[in-house]
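Beneath this line is the structure, given in structure tokens, with notes to follow.
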Amino acid sequence: MNALVTGGAGFVGQWLCRALIARGWSVWGTRVPGDAVVSPPPGDPLAAVHWVGCDVTRAADLRAALDASAPDAIFHLAGISFVPAAGADPGAAVEVNVVRAPPHPRAGRPPPPAPAPPPPGPGAGGR
């Protein structure tokens, strides 16, 4: 299973990446373009993360991250969570946290097939 973690280089994102890797996921984590690449110590599961520079307010960056990761799940942790920063620029907070949230991984794909109904049990309509 592939996971895309926006904000993967942040505090919570790094812990989520580690947890997903421990459960066998292949993980792509985003970091702000221009920020230092995460350099985990030897043996740290973060070494297995595929890092992608991504500004979630730029559609081209999001598309590149989605194309690179082909995610089965997206964890959107990139955002403005510091209340004073969100209060100083509420429009930017809404843009980053809501408007530019990555689309669901199944968006634009056909839905998965419905599971087959269980076989009828005794007395379930048969005579």
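Every chain in the structure tokens has a letter given in the order shown (A, B, ...), and although residue numbers restart at 1 in each chain, ligands are simply numbered from 1 in the order shown.
Residues in contact with A:Val96 at 7 Å, where only C-alpha atoms are counted and same-chain residues fewer than 6 positions away are skipped, are listed as Val56, Thr57, Gly79 and Ile80 of chain A.
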Can you write out the residues you just picked, keeping N, CA and C atoms, as a PDB file, in the first residue's frame?
ATOM      1  N   VAL A  56       1.618  22.754  -1.171  1.00  0.00           N
ATOM      2  CA  VAL A  56       0.253  22.275  -1.383  1.00  0.00           C
ATOM      3  C   VAL A  56      -0.677  23.320  -1.970  1.00  0.00           C
ATOM      4  N   THR A  57      -0.232  24.570  -2.052  1.00  0.00           N
ATOM      5  CA  THR A  57      -1.065  25.585  -2.699  1.00  0.00           C
ATOM      6  C   THR A  57      -0.837  25.638  -4.201  1.00  0.00           C
ATOM      7  N   GLY A  79      -0.348  22.078   6.704  1.00  0.00           N
ATOM      8  CA  GLY A  79      -1.344  23.085   7.002  1.00  0.00           C
ATOM      9  C   GLY A  79      -0.800  24.128   7.940  1.00  0.00           C
ATOM     10  N   ILE A  80      -1.628  25.122   8.162  1.00  0.00           N
ATOM     11  CA  ILE A  80      -1.291  26.179   9.106  1.00  0.00           C
ATOM     12  C   ILE A  80      -2.055  25.861  10.384  1.00  0.00           C
TER      13      ILE A  80
END
**Item:** Residues within 9 Å of A:Val38, only C-alpha atoms, excluding chain neighbours under 5 positions, as an MDAnalysis selection string
**Value:** chainID A and resid 9 31 46:47 51
**Request:** Apply DSSP to the backbone of this structure and, from stretch 2-102 of chain A, keep only the residues in strand (DSSP E); write these as a PyMOL selection string.
**Result:** chain A and resi 2-6+26-31+50-53+73-76
For A:Asp44, work out the shell of residues within 12 Å, counting only C-alpha atoms and skipping chain neighbours fewer than 3 positions away, then give it as a PDB file with C-alpha atoms, in the first residue's frame.
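To be explicit, this is the file written out as result_21.pdb:
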ATOM      1  CA  GLN A  14       7.411  12.316  10.792  1.00  0.00           C
ATOM      2  CA  TRP A  15       5.786  10.190  13.493  1.00  0.00           C
ATOM      3  CA  CYS A  17       5.522   8.223   8.453  1.00  0.00           C
ATOM      4  CA  ARG A  18       7.373   6.033  10.966  1.00  0.00           C
ATOM      5  CA  ALA A  19       4.125   4.344  12.052  1.00  0.00           C
ATOM      6  CA  ILE A  21       6.465   2.202   7.568  1.00  0.00           C
ATOM      7  CA  ALA A  22       6.310  -0.029  10.657  1.00  0.00           C
ATOM      8  CA  VAL A  38      15.094  15.230   6.240  1.00  0.00           C
ATOM      9  CA  SER A  39      18.277  13.375   7.225  1.00  0.00           C
ATOM     10  CA  PRO A  40      17.320  10.765   9.798  1.00  0.00           C
ATOM     11  CA  PRO A  41      19.922   9.017  11.925  1.00  0.00           C
ATOM     12  CA  ALA A  47      15.213   6.748   5.842  1.00  0.00           C
ATOM     13  CA  ALA A  48      12.645   4.699   3.875  1.00  0.00           C
ATOM     14  CA  VAL A  49      10.421   7.722   3.111  1.00  0.00           C
TER      15      VAL A  49
END
**Request:** Considering only C-alpha atoms, state which residue in the set A:Val37, A:Leu20, A:Trp28, A:Ala86 is at the smallest distance from A:Ala64.
**Result:** A:Trp28
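Distance-wise, atom CA of A:Asp72 and atom CA of A:Ala3 end up 6.0 Å apart.
For the set A:Ala78, A:Val99, A:Val5, A:Gly10, the residue with the smallest atom-to-atom gap to A:Ala59 is A:Val99, counting only C-alpha atoms.
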